[in-house]
>>> print(open('structure-v7.cif').read())   # mmCIF, C-alpha atoms
data_upload
#
loop_
_atom_site.group_PDB
_atom_site.id
_atom_site.type_symbol
_atom_site.label_atom_id
_atom_site.label_comp_id
_atom_site.auth_asym_id
_atom_site.auth_seq_id
_atom_site.Cartn_x
_atom_site.Cartn_y
_atom_site.Cartn_z
ATOM 1 C CA MET A 1 -8.393 -8.596 -35.514
ATOM 2 C CA SER A 2 -10.301 -11.657 -34.371
ATOM 3 C CA VAL A 3 -7.903 -12.189 -31.449
ATOM 4 C CA VAL A 4 -7.970 -8.518 -30.454
ATOM 5 C CA GLY A 5 -11.766 -8.446 -30.716
ATOM 6 C CA GLN A 6 -12.067 -11.515 -28.510
ATOM 7 C CA TYR A 7 -9.758 -10.027 -25.884
ATOM 8 C CA VAL A 8 -11.691 -6.749 -25.867
ATOM 9 C CA PHE A 9 -15.050 -8.461 -25.592
ATOM 10 C CA ASN A 10 -13.824 -10.772 -22.823
ATOM 11 C CA GLY A 11 -12.585 -7.715 -20.950
ATOM 12 C CA LEU A 12 -15.936 -5.965 -21.303
ATOM 13 C CA MET A 13 -17.875 -9.015 -20.114
ATOM 14 C CA LEU A 14 -15.589 -9.652 -17.154
ATOM 15 C CA GLY A 15 -15.618 -5.957 -16.274
ATOM 16 C CA MET A 16 -19.404 -5.912 -16.272
ATOM 17 C CA ILE A 17 -19.595 -8.903 -13.919
ATOM 18 C CA TYR A 18 -16.921 -7.507 -11.585
ATOM 19 C CA ALA A 19 -18.564 -4.071 -11.559
ATOM 20 C CA MET A 20 -21.935 -5.557 -10.540
ATOM 21 C CA VAL A 21 -20.297 -7.411 -7.651
ATOM 22 C CA ALA A 22 -18.270 -4.358 -6.627
ATOM 23 C CA VAL A 23 -21.380 -2.147 -6.560
ATOM 24 C CA GLY A 24 -22.894 -4.522 -3.999
ATOM 25 C CA PHE A 25 -19.878 -4.159 -1.712
ATOM 26 C CA THR A 26 -20.128 -0.382 -2.126
ATOM 27 C CA LEU A 27 -23.819 -0.311 -1.235
ATOM 28 C CA PHE A 28 -23.253 -2.376 1.903
ATOM 29 C CA PHE A 29 -20.360 -0.235 3.030
ATOM 30 C CA GLY A 30 -22.301 2.920 2.255
ATOM 31 C CA VAL A 31 -25.234 2.233 4.559
ATOM 32 C CA LEU A 32 -23.498 0.439 7.441
ATOM 33 C CA ASP A 33 -19.721 0.886 7.039
ATOM 34 C CA VAL A 34 -19.291 -2.904 6.931
ATOM 35 C CA ILE A 35 -17.743 -5.383 4.527
ATOM 36 C CA GLN A 36 -20.102 -8.255 3.733
ATOM 37 C CA PHE A 37 -17.580 -10.972 2.935
ATOM 38 C CA SER A 38 -20.195 -13.598 2.094
ATOM 39 C CA HIS A 39 -21.255 -11.470 -0.892
ATOM 40 C CA GLY A 40 -19.409 -13.655 -3.388
ATOM 41 C CA ASP A 41 -21.031 -16.793 -2.019
ATOM 42 C CA THR A 42 -24.417 -15.090 -2.209
ATOM 43 C CA LEU A 43 -23.684 -14.726 -5.937
ATOM 44 C CA MET A 44 -22.986 -18.462 -6.094
ATOM 45 C CA VAL A 45 -26.249 -19.292 -4.299
ATOM 46 C CA GLY A 46 -28.125 -17.130 -6.795
ATOM 47 C CA ALA A 47 -26.537 -18.917 -9.739
ATOM 48 C CA PHE A 48 -27.455 -22.328 -8.303
ATOM 49 C CA ALA A 49 -30.997 -21.141 -7.522
ATOM 50 C CA GLY A 50 -31.327 -20.079 -11.149
ATOM 51 C CA LEU A 51 -29.999 -23.431 -12.339
ATOM 52 C CA ALA A 52 -32.470 -25.272 -10.098
ATOM 53 C CA ALA A 53 -35.329 -23.129 -11.461
ATOM 54 C CA SER A 54 -34.304 -23.926 -15.042
ATOM 55 C CA THR A 55 -34.239 -27.635 -14.241
ATOM 56 C CA GLY A 56 -37.638 -27.397 -12.555
ATOM 57 C CA VAL A 57 -39.228 -25.642 -15.529
ATOM 58 C CA LEU A 58 -37.747 -28.232 -17.876
ATOM 59 C CA MET A 59 -39.236 -31.016 -15.724
ATOM 60 C CA LEU A 60 -42.646 -29.407 -16.296
ATOM 61 C CA ASP A 61 -42.142 -30.003 -20.047
ATOM 62 C CA ILE A 62 -41.712 -26.293 -20.738
ATOM 63 C CA ALA A 63 -38.926 -26.142 -23.285
ATOM 64 C CA SER A 64 -39.143 -22.454 -24.203
ATOM 65 C CA PRO A 65 -35.710 -20.932 -23.495
ATOM 66 C CA TRP A 66 -37.230 -17.515 -22.759
ATOM 67 C CA ILE A 67 -39.571 -18.909 -20.091
ATOM 68 C CA ARG A 68 -36.671 -20.839 -18.585
ATOM 69 C CA LEU A 69 -34.534 -17.697 -18.640
ATOM 70 C CA LEU A 70 -37.286 -15.727 -16.898
ATOM 71 C CA ALA A 71 -37.524 -18.471 -14.252
ATOM 72 C CA VAL A 72 -33.738 -18.410 -13.804
ATOM 73 C CA VAL A 73 -33.631 -14.631 -13.302
ATOM 74 C CA LEU A 74 -36.647 -14.493 -10.979
ATOM 75 C CA ALA A 75 -35.460 -17.401 -8.833
ATOM 76 C CA ALA A 76 -31.918 -16.044 -8.573
ATOM 77 C CA VAL A 77 -32.981 -12.507 -7.676
ATOM 78 C CA CYS A 78 -35.741 -13.529 -5.246
ATOM 79 C CA VAL A 79 -33.633 -16.114 -3.401
ATOM 80 C CA THR A 80 -30.608 -13.875 -3.026
ATOM 81 C CA GLY A 81 -32.681 -10.774 -2.272
ATOM 82 C CA LEU A 82 -34.298 -12.588 0.639
ATOM 83 C CA LEU A 83 -30.940 -14.063 1.638
ATOM 84 C CA GLY A 84 -29.275 -10.660 1.618
ATOM 85 C CA ALA A 85 -32.057 -9.118 3.697
ATOM 86 C CA ALA A 86 -31.893 -12.037 6.145
ATOM 87 C CA ILE A 87 -28.122 -11.645 6.503
ATOM 88 C CA ALA A 88 -28.583 -7.956 7.216
ATOM 89 C CA LYS A 89 -31.376 -8.467 9.765
ATOM 90 C CA TRP A 90 -30.052 -11.409 11.747
ATOM 91 C CA LEU A 91 -26.295 -11.094 11.367
ATOM 92 C CA VAL A 92 -25.065 -7.668 10.281
ATOM 93 C CA LEU A 93 -27.451 -5.381 12.193
ATOM 94 C CA PRO A 94 -27.054 -7.198 15.534
ATOM 95 C CA LEU A 95 -23.275 -6.786 15.157
ATOM 96 C CA HIS A 96 -23.505 -3.169 14.019
ATOM 97 C CA LYS A 97 -22.308 -1.778 17.366
ATOM 98 C CA ALA A 98 -19.657 -4.467 17.805
ATOM 99 C CA PRO A 99 -16.061 -4.060 16.574
ATOM 100 C CA PRO A 100 -16.023 -4.173 12.754
ATOM 101 C CA LEU A 101 -13.755 -7.229 12.723
ATOM 102 C CA ASN A 102 -16.611 -9.201 14.309
ATOM 103 C CA THR A 103 -18.841 -8.521 11.303
ATOM 104 C CA LEU A 104 -16.025 -9.259 8.888
ATOM 105 C CA LEU A 105 -15.280 -12.606 10.548
ATOM 106 C CA ALA A 106 -18.953 -13.569 10.889
ATOM 107 C CA THR A 107 -19.740 -12.915 7.226
ATOM 108 C CA LEU A 108 -16.539 -14.673 6.159
ATOM 109 C CA MET A 109 -17.591 -17.788 8.095
ATOM 110 C CA LEU A 110 -21.145 -17.502 6.737
ATOM 111 C CA GLY A 111 -19.748 -17.541 3.205
ATOM 112 C CA THR A 112 -17.905 -20.767 3.987
ATOM 113 C CA ILE A 113 -21.120 -22.297 5.374
ATOM 114 C CA MET A 114 -23.088 -21.371 2.231
ATOM 115 C CA ARG A 115 -20.348 -22.674 -0.050
ATOM 116 C CA GLU A 116 -20.063 -26.006 1.754
ATOM 117 C CA ALA A 117 -23.842 -26.361 2.037
ATOM 118 C CA VAL A 118 -24.186 -26.131 -1.747
ATOM 119 C CA ARG A 119 -21.319 -28.547 -2.236
ATOM 120 C CA LEU A 120 -22.819 -31.085 0.156
ATOM 121 C CA PHE A 121 -26.558 -30.798 -0.449
ATOM 122 C CA TYR A 122 -26.968 -29.759 -4.097
ATOM 123 C CA PRO A 123 -27.056 -32.881 -6.311
ATOM 124 C CA ASP A 124 -23.465 -33.546 -7.412
ATOM 125 C CA GLY A 125 -22.645 -30.116 -6.016
ATOM 126 C CA SER A 126 -18.940 -30.830 -5.595
ATOM 127 C CA ASN A 127 -18.520 -30.913 -9.389
ATOM 128 C CA SER A 128 -19.014 -28.188 -11.970
ATOM 129 C CA GLN A 129 -22.599 -27.959 -13.193
ATOM 130 C CA PRO A 130 -23.456 -27.257 -16.851
ATOM 131 C CA PHE A 131 -25.449 -24.038 -17.127
ATOM 132 C CA PRO A 132 -28.079 -24.061 -19.884
ATOM 133 C CA SER A 133 -27.564 -21.914 -22.980
ATOM 134 C CA LEU A 134 -30.830 -19.966 -23.057
ATOM 135 C CA LEU A 135 -29.951 -17.086 -25.380
ATOM 136 C CA PRO A 136 -29.716 -16.974 -29.190
ATOM 137 C CA THR A 137 -26.304 -18.084 -30.440
ATOM 138 C CA ASP A 138 -26.407 -16.472 -33.891
ATOM 139 C CA SER A 139 -23.214 -14.625 -34.740
ATOM 140 C CA ILE A 140 -22.031 -11.846 -37.033
ATOM 141 C CA ASP A 141 -18.588 -12.065 -38.629
ATOM 142 C CA LEU A 142 -16.616 -8.851 -38.091
ATOM 143 C CA GLY A 143 -13.293 -9.255 -39.852
ATOM 144 C CA GLY A 144 -12.733 -12.756 -38.534
ATOM 145 C CA PHE A 145 -14.233 -12.025 -35.105
ATOM 146 C CA ALA A 146 -17.537 -13.802 -34.525
ATOM 147 C CA LEU A 147 -19.761 -11.487 -32.485
ATOM 148 C CA ARG A 148 -22.377 -13.732 -30.876
ATOM 149 C CA ALA A 149 -25.867 -12.506 -30.129
ATOM 150 C CA ASP A 150 -25.965 -14.047 -26.642
ATOM 151 C CA ASN A 151 -22.798 -12.226 -25.604
ATOM 152 C CA VAL A 152 -24.143 -8.908 -26.870
ATOM 153 C CA ILE A 153 -27.396 -9.469 -24.984
ATOM 154 C CA LEU A 154 -25.490 -10.223 -21.781
ATOM 155 C CA LEU A 155 -23.334 -7.121 -22.148
ATOM 156 C CA LEU A 156 -26.295 -4.839 -22.843
ATOM 157 C CA SER A 157 -28.235 -6.423 -19.980
ATOM 158 C CA GLY A 158 -25.377 -5.710 -17.591
ATOM 159 C CA LEU A 159 -25.269 -2.091 -18.739
ATOM 160 C CA ALA A 160 -29.022 -1.811 -18.249
ATOM 161 C CA ILE A 161 -28.823 -3.286 -14.730
ATOM 162 C CA ILE A 162 -26.069 -0.892 -13.646
ATOM 163 C CA ALA A 163 -27.905 2.054 -15.230
ATOM 164 C CA GLY A 164 -31.111 0.983 -13.473
ATOM 165 C CA VAL A 165 -29.409 0.807 -10.087
ATOM 166 C CA HIS A 166 -27.823 4.194 -10.698
ATOM 167 C CA PHE A 167 -31.243 5.652 -11.556
ATOM 168 C CA LEU A 168 -32.749 4.083 -8.429
ATOM 169 C CA ILE A 169 -30.020 5.518 -6.196
ATOM 170 C CA THR A 170 -30.020 9.020 -7.702
ATOM 171 C CA ARG A 171 -33.614 9.610 -8.838
ATOM 172 C CA THR A 172 -36.030 7.797 -6.501
ATOM 173 C CA ARG A 173 -37.279 8.248 -2.936
ATOM 174 C CA LEU A 174 -35.709 4.936 -1.944
ATOM 175 C CA GLY A 175 -32.404 6.079 -3.397
ATOM 176 C CA MET A 176 -32.672 9.337 -1.489
ATOM 177 C CA ALA A 177 -33.287 7.372 1.709
ATOM 178 C CA ILE A 178 -30.281 5.131 0.977
ATOM 179 C CA ARG A 179 -28.069 8.161 0.394
ATOM 180 C CA ALA A 180 -29.372 9.801 3.560
ATOM 181 C CA VAL A 181 -28.603 6.710 5.653
ATOM 182 C CA ALA A 182 -25.174 6.448 4.028
ATOM 183 C CA GLN A 183 -24.485 10.099 4.830
ATOM 184 C CA ASP A 184 -25.626 10.025 8.466
ATOM 185 C CA GLY A 185 -27.729 7.198 9.855
ATOM 186 C CA GLU A 186 -28.671 8.950 13.089
ATOM 187 C CA THR A 187 -29.831 12.110 11.328
ATOM 188 C CA ALA A 188 -31.766 9.990 8.836
ATOM 189 C CA ARG A 189 -33.616 8.345 11.748
ATOM 190 C CA LEU A 190 -34.490 11.756 13.193
ATOM 191 C CA MET A 191 -35.897 12.785 9.818
ATOM 192 C CA GLY A 192 -38.324 9.856 9.916
ATOM 193 C CA ILE A 193 -36.490 7.419 7.663
ATOM 194 C CA ASN A 194 -36.934 3.774 8.630
ATOM 195 C CA PHE A 195 -33.273 2.917 9.114
ATOM 196 C CA GLU A 196 -33.708 -0.859 9.348
ATOM 197 C CA ALA A 197 -35.991 -1.055 6.300
ATOM 198 C CA VAL A 198 -33.523 0.932 4.195
ATOM 199 C CA VAL A 199 -30.651 -1.315 5.284
ATOM 200 C CA LEU A 200 -32.620 -4.479 4.485
ATOM 201 C CA LEU A 201 -33.651 -3.161 1.062
ATOM 202 C CA THR A 202 -30.083 -2.096 0.313
ATOM 203 C CA PHE A 203 -28.723 -5.544 1.179
ATOM 204 C CA ALA A 204 -31.486 -7.140 -0.910
ATOM 205 C CA LEU A 205 -30.616 -4.863 -3.837
ATOM 206 C CA GLY A 206 -26.878 -5.562 -3.666
ATOM 207 C CA SER A 207 -27.471 -9.308 -3.297
ATOM 208 C CA GLY A 208 -29.887 -9.309 -6.237
ATOM 209 C CA MET A 209 -27.238 -7.628 -8.378
ATOM 210 C CA ALA A 210 -24.766 -10.310 -7.329
ATOM 211 C CA ALA A 211 -27.256 -13.004 -8.358
ATOM 212 C CA LEU A 212 -27.629 -11.427 -11.794
ATOM 213 C CA ALA A 213 -23.839 -11.318 -12.098
ATOM 214 C CA GLY A 214 -23.749 -15.025 -11.217
ATOM 215 C CA VAL A 215 -26.387 -15.830 -13.844
ATOM 216 C CA MET A 216 -24.489 -13.792 -16.439
ATOM 217 C CA ASN A 217 -21.296 -15.639 -15.533
ATOM 218 C CA GLY A 218 -23.082 -18.978 -15.940
ATOM 219 C CA LEU A 219 -24.616 -18.024 -19.280
ATOM 220 C CA TYR A 220 -21.277 -16.722 -20.561
ATOM 221 C CA TYR A 221 -19.161 -19.729 -19.542
ATOM 222 C CA ASN A 222 -22.006 -22.312 -19.649
ATOM 223 C CA GLU A 223 -21.045 -23.747 -16.265
ATOM 224 C CA ILE A 224 -20.995 -22.905 -12.581
ATOM 225 C CA ASN A 225 -19.439 -24.498 -9.502
ATOM 226 C CA PHE A 226 -19.678 -24.068 -5.753
ATOM 227 C CA ASN A 227 -16.395 -22.137 -5.709
ATOM 228 C CA VAL A 228 -17.387 -19.575 -8.328
ATOM 229 C CA GLY A 229 -18.286 -16.943 -5.741
ATOM 230 C CA LEU A 230 -14.978 -17.191 -3.892
ATOM 231 C CA LEU A 231 -12.802 -15.643 -6.606
ATOM 232 C CA LEU A 232 -15.543 -13.321 -7.893
ATOM 233 C CA GLY A 233 -16.095 -12.049 -4.357
ATOM 234 C CA VAL A 234 -12.402 -11.306 -3.839
ATOM 235 C CA ILE A 235 -12.140 -9.625 -7.246
ATOM 236 C CA GLY A 236 -15.326 -7.617 -6.652
ATOM 237 C CA PHE A 237 -14.022 -6.434 -3.285
ATOM 238 C CA ALA A 238 -10.650 -5.551 -4.819
ATOM 239 C CA ALA A 239 -12.444 -3.621 -7.568
ATOM 240 C CA ALA A 240 -14.515 -1.714 -4.998
ATOM 241 C CA ILE A 241 -11.401 -0.826 -2.997
ATOM 242 C CA LEU A 242 -9.481 0.096 -6.138
ATOM 243 C CA GLY A 243 -12.230 2.394 -7.365
ATOM 244 C CA GLY A 244 -12.895 3.905 -3.959
ATOM 245 C CA LEU A 245 -15.045 2.066 -1.434
ATOM 246 C CA GLY A 246 -18.316 3.931 -0.951
ATOM 247 C CA ASN A 247 -18.449 5.335 -4.496
ATOM 248 C CA ILE A 248 -20.594 3.557 -7.099
ATOM 249 C CA TYR A 249 -18.751 5.144 -10.011
ATOM 250 C CA GLY A 250 -15.466 4.036 -8.495
ATOM 251 C CA ALA A 251 -16.766 0.473 -8.132
ATOM 252 C CA ILE A 252 -17.726 0.390 -11.810
ATOM 253 C CA ILE A 253 -14.369 1.817 -12.914
ATOM 254 C CA GLY A 254 -12.545 -0.594 -10.605
ATOM 255 C CA GLY A 255 -14.397 -3.581 -12.068
ATOM 256 C CA PHE A 256 -13.529 -2.700 -15.649
ATOM 257 C CA LEU A 257 -9.967 -1.799 -14.708
ATOM 258 C CA PHE A 258 -9.404 -5.146 -13.006
ATOM 259 C CA ALA A 259 -10.837 -6.966 -16.049
ATOM 260 C CA GLY A 260 -8.566 -4.916 -18.298
ATOM 261 C CA LEU A 261 -5.559 -5.935 -16.228
ATOM 262 C CA GLN A 262 -6.548 -9.599 -16.512
ATOM 263 C CA VAL A 263 -6.928 -9.338 -20.283
ATOM 264 C CA LEU A 264 -3.612 -7.502 -20.551
ATOM 265 C CA GLY A 265 -1.942 -10.195 -18.466
ATOM 266 C CA SER A 266 -3.406 -13.052 -20.503
ATOM 267 C CA ALA A 267 -2.320 -11.331 -23.753
ATOM 268 C CA THR A 268 1.207 -10.290 -22.788
ATOM 269 C CA LEU A 269 2.472 -12.801 -20.224
ATOM 270 C CA PRO A 270 2.634 -15.795 -22.646
ATOM 271 C CA ALA A 271 4.680 -13.639 -25.048
ATOM 272 C CA LEU A 272 7.094 -12.624 -22.295
ATOM 273 C CA ILE A 273 7.253 -15.959 -20.470
ATOM 274 C CA PRO A 274 6.660 -18.990 -22.742
ATOM 275 C CA ASN A 275 4.468 -21.832 -21.433
ATOM 276 C CA ILE A 276 3.143 -19.753 -18.524
ATOM 277 C CA PRO A 277 -0.341 -20.887 -17.447
ATOM 278 C CA SER A 278 -3.188 -18.520 -18.246
ATOM 279 C CA ALA A 279 -4.162 -18.478 -14.556
ATOM 280 C CA TYR A 280 -1.210 -16.161 -13.961
ATOM 281 C CA LYS A 281 -3.305 -13.337 -15.392
ATOM 282 C CA ASP A 282 -4.948 -13.155 -11.945
ATOM 283 C CA VAL A 283 -1.533 -12.922 -10.284
ATOM 284 C CA PHE A 284 -0.587 -10.095 -12.645
ATOM 285 C CA ALA A 285 -3.877 -8.240 -12.039
ATOM 286 C CA PHE A 286 -3.660 -8.536 -8.252
ATOM 287 C CA ALA A 287 -0.012 -7.430 -8.287
ATOM 288 C CA VAL A 288 -0.897 -4.280 -10.229
ATOM 289 C CA VAL A 289 -3.863 -3.620 -7.921
ATOM 290 C CA ILE A 290 -1.540 -3.855 -4.891
ATOM 291 C CA ILE A 291 0.757 -1.281 -6.495
ATOM 292 C CA LEU A 292 -2.156 1.030 -7.287
ATOM 293 C CA MET A 293 -3.523 0.720 -3.756
ATOM 294 C CA ALA A 294 -0.105 1.536 -2.297
ATOM 295 C CA TRP A 295 0.039 4.593 -4.568
ATOM 296 C CA LYS A 296 -3.520 5.732 -3.875
ATOM 297 C CA PRO A 297 -4.817 4.057 -0.675
ATOM 298 C CA THR A 298 -8.205 5.839 -0.768
ATOM 299 C CA GLY A 299 -9.015 4.490 -4.233
ATOM 300 C CA LEU A 300 -9.225 6.160 -7.605
ATOM 301 C CA ILE A 301 -12.391 8.060 -6.681
ATOM 302 C CA ALA A 302 -12.274 8.503 -2.917
ATOM 303 C CA GLU A 303 -15.572 9.330 -1.236
ATOM 304 C CA LYS A 304 -15.688 7.516 2.049
ATOM 305 C CA SER A 305 -12.812 6.251 4.124
ATOM 306 C CA SER A 306 -12.584 2.524 4.822
ATOM 307 C CA GLU A 307 -10.731 2.617 8.126
ATOM 308 C CA ARG A 308 -13.459 0.432 9.731
ATOM 309 C CA VAL A 309 -12.446 -2.630 7.713
#
>>> encode(input="structure-v7.cif", output="structure tokens")
Amino acid sequence: MSVVGQYVFNGLMLGMIYAMVAVGFTLFFGVLDVIQFSHGDTLMVGAFAGLAASTGVLMLDIASPWIRLLAVVLAAVCVTGLLGAAIAKWLVLPLHKAPPLNTLLATLMLGTIMREAVRLFYPDGSNSQPFPSLLPTDSIDLGGFALRADNVILLLSGLAIIAGVHFLITRTRLGMAIRAVAQDGETARLMGINFEAVVLLTFALGSGMAALAGVMNGLYYNEINFNVGLLLGVIGFAAAILGGLGNIYGAIIGGFLFAGLQVLGSATLPALIPNIPSAYKDVFAFAVVIILMAWKPTGLIAEKSSERV
């Protein structure tokens, strides 16, 4: 039971992180029909901004973990929100009328620049950085499975973030404007909606979600590195495609499905193939995703075609 419980909880945590990243890809594609391939590296920048904020607060002799956690979250969200809006304004929007491959290539190169900048200029950035444990670590024994308070808090926080974004998109004026721009940008302009402002806010929102996913990843594994956004970005994009690019519900389902495939691979592959490295769970998950995409190219919940990619 303890092993099964650990696998299930790992799957839920990974699924939450992947879903948050995938929702960002979906938001970007919804408003501009573009793939922002530096999204994963934006997540990494947010995690490092949060780590720097925690270090700065500690240098001020403020040892309270809750104050440090607040500083981590605020720094990560603010830095990546501004970064996402800046990417939209000075890179994505100017290329909006260009062939879509131009935007894809530009954001891919931007991600490489951000990744290498952190590696070169963050102190000891080429090595993994320990991420502070800022949440309570008390645990409850459930039949041999130790359910830790910090993991429960992270899982519930992820649910609250996704629910909050869903409420914003479906129940607020900003969400209505985002949906209008996603439906038909030109008509939205004619109706008086500030197209550029909506795009910038959408990119800020998606990037802020990525930052929170990066912070959650750091708190869960207690370390981050400059490459963390590379794999999470690819997995988040795969989850968005698998669920149906342009559909938030599909992105969430795709994130949890991909995490489930990873957990299934890590649980079954060693039994089938002795001494196989655990990293092969990613190979197994991607192989299944390829099969699913070949079977259903529009995604599990198709809403908007992705032929512009």
>>> resolve_selection(input="structure-v7.cif", expression="the PyMOL selection byres ((chain A and resi 151) around 12)", output="JSON, numbers by chain")
{"A": [6, 9, 10, 12, 13, 14, 16, 133, 134, 135, 136, 137, 138, 139, 140, 146, 147, 148, 149, 150, 152, 153, 154, 155, 156, 157, 158, 216, 217, 218, 219, 220, 221, 222]}
>>> closest_residue(input="structure-v7.cif", among="A:Gly5, A:Gly164, A:Gly11, A:Gly214", to="Ala49 of chain A", atoms="only C-alpha atoms")
A:Gly214
>>> resolve_selection(input="structure-v7.cif", expression="the PyMOL selection byres ((chain A and resi 19) around 8)", output="PyMOL selection string")
chain A and resi 15-18+20-23+236+239+251-256
>>> closest_residue(input="structure-v7.cif", among="A:Ile193, A:Ile248, A:Leu105, A:Met176", to="Phe28 of chain A", atoms="all atoms listed in the file")
A:Ile248
>>> axis_aligned_box(input="structure-v7.cif", around="segment 266-271 of chain A", padding_each_side="4 Å", output="lines of an AutoDock Vina configuration file")
center_x = 0.6
center_y = -13.0
center_z = -22.6
size_x = 16.1
size_y = 13.5
size_z = 12.8
>>> atom_distance(input="structure-v7.cif", atom1="atom CA of Leu27 of chain A", atom2="atom CA of Thr202 of chain A")
6.7 Å
>>> atom_distance(input="structure-v7.cif", atom1="atom CA of Ala117 of chain A", atom2="atom CA of Gly233 of chain A")
17.5 Å
>>> closest_residue(input="structure-v7.cif", among="A:Val34, A:Val8, A:Ala160, A:Leu43", to="Ala259 of chain A", atoms="all atoms listed in the file")
A:Val8
>>> atom_distance(input="structure-v7.cif", atom1="atom CA of Val79 of chain A", atom2="atom CA of Leu205 of chain A")
11.7 Å
>>> resolve_selection(input="structure-v7.cif", expression="the PyMOL selection byres ((chain A and resi 292) around 12)", output="ChimeraX atom specification")
/A:238-239,241-244,254,257-258,261,285-291,293-300
>>> residues_around(input="structure-v7.cif", residues="Gly125 of chain A", least_positions_apart="6", cutoff="10 Å", atoms="only C-alpha atoms", output="list of chain:residue names")
A:Phe48, A:Arg115, A:Glu116, A:Ala117, A:Val118, A:Arg119, A:Ile224, A:Asn225, A:Phe226
>>> closest_residue(input="structure-v7.cif", among="A:Gly24, A:Ala177, A:Ser266, A:Trp66", to="Gly40 of chain A", atoms="only C-alpha atoms")
A:Gly24
>>> closest_residue(input="structure-v7.cif", among="A:Thr172, A:Ser128, A:Thr187, A:Thr42", to="Phe25 of chain A", atoms="all atoms listed in the file")
A:Thr42
>>> residues_around(input="structure-v7.cif", residues="segment 86-94 of chain A", least_positions_apart="3", cutoff="12 Å", atoms="all atoms listed in the file", output="count of residues only")
46
>>> closest_residue(input="structure-v7.cif", among="A:Phe167, A:Ile67, A:Ala267, A:Asn247", to="Tyr7 of chain A", atoms="all atoms listed in the file")
A:Ala267
>>> build_atoms(input="structure-v7.cif", residues="segment 151-162 of chain A", atoms="N, CA and C atoms", output="CSV table (one decimal), keeping the file's coordinate frame")
chain,number,residue,atom,x,y,z
A,151,ASN,N,-23.8,-13.1,-26.3
A,151,ASN,CA,-22.8,-12.2,-25.6
A,151,ASN,C,-23.2,-10.8,-25.6
A,152,VAL,N,-23.7,-10.3,-26.8
A,152,VAL,CA,-24.1,-8.9,-26.9
A,152,VAL,C,-25.3,-8.7,-25.9
A,153,ILE,N,-26.2,-9.6,-25.9
A,153,ILE,CA,-27.4,-9.5,-25.0
A,153,ILE,C,-26.9,-9.4,-23.5
A,154,LEU,N,-26.0,-10.2,-23.2
A,154,LEU,CA,-25.5,-10.2,-21.8
A,154,LEU,C,-24.8,-8.9,-21.5
A,155,LEU,N,-24.0,-8.4,-22.4
A,155,LEU,CA,-23.3,-7.1,-22.1
A,155,LEU,C,-24.3,-6.0,-22.0
A,156,LEU,N,-25.3,-5.9,-22.9
A,156,LEU,CA,-26.3,-4.8,-22.8
A,156,LEU,C,-27.2,-5.0,-21.6
A,157,SER,N,-27.4,-6.2,-21.2
A,157,SER,CA,-28.2,-6.4,-20.0
A,157,SER,C,-27.5,-5.9,-18.8
A,158,GLY,N,-26.2,-6.2,-18.7
A,158,GLY,CA,-25.4,-5.7,-17.6
A,158,GLY,C,-25.4,-4.2,-17.5
A,159,LEU,N,-25.2,-3.5,-18.7
A,159,LEU,CA,-25.3,-2.1,-18.7
A,159,LEU,C,-26.6,-1.6,-18.2
A,160,ALA,N,-27.7,-2.2,-18.7
A,160,ALA,CA,-29.0,-1.8,-18.2
A,160,ALA,C,-29.2,-2.0,-16.7
A,161,ILE,N,-28.7,-3.0,-16.2
A,161,ILE,CA,-28.8,-3.3,-14.7
A,161,ILE,C,-28.1,-2.2,-13.9
A,162,ILE,N,-26.8,-1.9,-14.3
A,162,ILE,CA,-26.1,-0.9,-13.6
A,162,ILE,C,-26.7,0.5,-13.8
